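Data first, discussion second: the structure below is written as structure tokens.
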Amino acid sequence: MRELLCIVCPNGCALHVETAPEGLRISGNKCKRGAAFAEAEIVNPVRTVTTTVRTGFPGVPVIPVRTSGEIPKGKIRELMGFLASITIREPLEIGSPAAENVLGLGVDVIVTSNILREAGYAR
Ligand code: SF4
């Protein structure tokens, strides 16, 4: 038996997952999306990662970024280590890739703010 908190919507249903001979037995979900979430959490948990990356611009020491898609939950620590090792030196705008195909996962890390432009660092 595993207890999970569904994070698909703000309801935050408490999910119960049991392994049964016919497969997973999921309860506590108010909708089908919760069952799909629970199954994915058991089989292959993934997350979209939101964080910040260091820049070389004195007035904007860090810039917000997120992954362009979901990555395996087990790769988050490695991703954070990689992102801690890079510095953005171009005046990237919102939607621009700060890093492409990170860890070979087929997912980019994209800038989610125009803070560099707003701070006067645009080209
Ligand atoms: S089970 Fe459905 S209603 Fe409940 S938190 Fe998940 S998505 Fe929302």
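Here's how to read the names in the structure tokens: chain A, B, ... by the order shown, residue numbers from 1 in each chain, ligand numbers from 1 in the order shown.
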Closest atom pairs, chain A residues within 8 Å of ligand 1, only C-alpha atoms and all ligand atoms, as JSON lines:
```
{"residue": "A:Leu5", "atom": "CA", "partner": "ligand 1", "partner_atom_place_in_ligand_line": "5 (S)", "distance": 7.6}
{"residue": "A:Cys6", "atom": "CA", "partner": "ligand 1", "partner_atom_place_in_ligand_line": "6 (Fe)", "distance": 4.6}
{"residue": "A:Ile7", "atom": "CA", "partner": "ligand 1", "partner_atom_place_in_ligand_line": "5 (S)", "distance": 5.8}
{"residue": "A:Val8", "atom": "CA", "partner": "ligand 1", "partner_atom_place_in_ligand_line": "7 (S)", "distance": 4.6}
{"residue": "A:Cys9", "atom": "CA", "partner": "ligand 1", "partner_atom_place_in_ligand_line": "8 (Fe)", "distance": 4.1}
{"residue": "A:Pro10", "atom": "CA", "partner": "ligand 1", "partner_atom_place_in_ligand_line": "5 (S)", "distance": 6.0}
{"residue": "A:Asn11", "atom": "CA", "partner": "ligand 1", "partner_atom_place_in_ligand_line": "5 (S)", "distance": 4.3}
{"residue": "A:Gly12", "atom": "CA", "partner": "ligand 1", "partner_atom_place_in_ligand_line": "5 (S)", "distance": 4.0}
{"residue": "A:Cys13", "atom": "CA", "partner": "ligand 1", "partner_atom_place_in_ligand_line": "4 (Fe)", "distance": 4.2}
{"residue": "A:Ala14", "atom": "CA", "partner": "ligand 1", "partner_atom_place_in_ligand_line": "4 (Fe)", "distance": 7.6}
{"residue": "A:Leu15", "atom": "CA", "partner": "ligand 1", "partner_atom_place_in_ligand_line": "1 (S)", "distance": 7.6}
{"residue": "A:Gly28", "atom": "CA", "partner": "ligand 1", "partner_atom_place_in_ligand_line": "1 (S)", "distance": 7.2}
{"residue": "A:Asn29", "atom": "CA", "partner": "ligand 1", "partner_atom_place_in_ligand_line": "1 (S)", "distance": 3.8}
{"residue": "A:Lys30", "atom": "CA", "partner": "ligand 1", "partner_atom_place_in_ligand_line": "1 (S)", "distance": 4.5}
{"residue": "A:Cys31", "atom": "CA", "partner": "ligand 1", "partner_atom_place_in_ligand_line": "2 (Fe)", "distance": 4.1}
{"residue": "A:Lys32", "atom": "CA", "partner": "ligand 1", "partner_atom_place_in_ligand_line": "2 (Fe)", "distance": 6.3}
{"residue": "A:Arg33", "atom": "CA", "partner": "ligand 1", "partner_atom_place_in_ligand_line": "7 (S)", "distance": 4.9}
{"residue": "A:Gly34", "atom": "CA", "partner": "ligand 1", "partner_atom_place_in_ligand_line": "1 (S)", "distance": 3.4}
{"residue": "A:Ala35", "atom": "CA", "partner": "ligand 1", "partner_atom_place_in_ligand_line": "1 (S)", "distance": 6.7}
{"residue": "A:Phe37", "atom": "CA", "partner": "ligand 1", "partner_atom_place_in_ligand_line": "6 (Fe)", "distance": 7.4}
```
Residues of segment 33-77 of chain A that have any atom at most 6 Å from an atom of segment 109-116 of chain A: could you tabulate them with the shortest-distance atom pair and the distance in Å to one decimal, using only C-alpha atoms, ordered by chain and increasing number, as JSON lines?
```
{"residue": "A:Pro64", "atom": "CA", "partner": "A:Thr112", "partner_atom": "CA", "distance": 5.6}
{"residue": "A:Val65", "atom": "CA", "partner": "A:Val111", "partner_atom": "CA", "distance": 4.4}
{"residue": "A:Arg66", "atom": "CA", "partner": "A:Val109", "partner_atom": "CA", "distance": 5.5}
{"residue": "A:Thr67", "atom": "CA", "partner": "A:Val109", "partner_atom": "CA", "distance": 4.3}
{"residue": "A:Ser68", "atom": "CA", "partner": "A:Val109", "partner_atom": "CA", "distance": 5.9}
```
* Asked: Which residue gives the smallest distance to Glu39 of chain A among A:Ile76, A:Leu24, A:Ala99, A:Ile86, with only C-alpha atoms counted?
  ->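 Closest to Glu39 of chain A, using only C-alpha atoms: A:Leu24.
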* Using the chain letters and numbers from this document, which residues of chain A does DSSP assign to strand (DSSP E or B), as number ranges by chain? -> A: 2-5, 14-20, 23-27, 46-47, 50-57, 60-67, 71-72, 87-88, 97-99, 109-111
For the selection just defined, write its residues with C-alpha atoms to a file, as a JSON list (two decimals), in the first residue's frame.
```
[["chain", "number", "residue", "atom", "x", "y", "z"],
["A", 2, "ARG", "CA", 1.30, 3.44, -0.90],
["A", 3, "GLU", "CA", -0.21, 6.76, 0.05],
["A", 4, "LEU", "CA", 0.18, 9.56, -2.47],
["A", 5, "LEU", "CA", -1.00, 13.15, -2.67],
["A", 14, "ALA", "CA", -5.16, 11.54, -0.87],
["A", 15, "LEU", "CA", -4.61, 8.49, -3.05],
["A", 16, "HIS", "CA", -4.20, 4.91, -1.88],
["A", 17, "VAL", "CA", -2.43, 2.50, -4.20],
["A", 18, "GLU", "CA", -2.37, -1.24, -3.69],
["A", 19, "THR", "CA", -0.80, -3.89, -5.85],
["A", 20, "ALA", "CA", -3.37, -6.49, -6.80],
["A", 23, "GLY", "CA", -2.74, -4.63, -11.49],
["A", 24, "LEU", "CA", -2.79, -1.49, -9.40],
["A", 25, "ARG", "CA", -5.86, -0.82, -7.27],
["A", 26, "ILE", "CA", -6.22, 2.94, -6.81],
["A", 27, "SER", "CA", -8.70, 4.67, -4.53],
["A", 46, "VAL", "CA", 8.12, 12.57, -13.70],
["A", 47, "ARG", "CA", 8.19, 16.26, -12.88],
["A", 50, "THR", "CA", 11.20, 25.10, -11.93],
["A", 51, "THR", "CA", 14.28, 26.77, -10.50],
["A", 52, "THR", "CA", 16.80, 29.57, -11.14],
["A", 53, "VAL", "CA", 20.14, 29.73, -12.92],
["A", 54, "ARG", "CA", 23.06, 32.03, -12.20],
["A", 55, "THR", "CA", 23.79, 34.83, -14.70],
["A", 56, "GLY", "CA", 26.88, 36.90, -15.44],
["A", 57, "PHE", "CA", 24.88, 40.13, -15.25],
["A", 60, "VAL", "CA", 20.40, 40.16, -12.19],
["A", 61, "PRO", "CA", 22.40, 37.47, -10.39],
["A", 62, "VAL", "CA", 19.86, 34.70, -11.14],
["A", 63, "ILE", "CA", 17.10, 34.17, -13.68],
["A", 64, "PRO", "CA", 14.04, 31.89, -13.40],
["A", 65, "VAL", "CA", 13.93, 28.82, -15.63],
["A", 66, "ARG", "CA", 11.95, 25.62, -16.03],
["A", 67, "THR", "CA", 12.24, 22.42, -17.99],
["A", 71, "ILE", "CA", 11.83, 14.63, -16.65],
["A", 72, "PRO", "CA", 12.17, 11.47, -14.55],
["A", 87, "THR", "CA", 26.13, 30.70, -15.92],
["A", 88, "ILE", "CA", 23.96, 32.55, -18.43],
["A", 97, "PRO", "CA", 16.77, 27.86, -24.03],
["A", 98, "ALA", "CA", 19.29, 28.33, -21.25],
["A", 99, "ALA", "CA", 20.43, 24.73, -21.83],
["A", 109, "VAL", "CA", 15.72, 24.31, -19.77],
["A", 110, "ILE", "CA", 14.03, 27.54, -20.83],
["A", 111, "VAL", "CA", 14.03, 31.05, -19.42]]
```
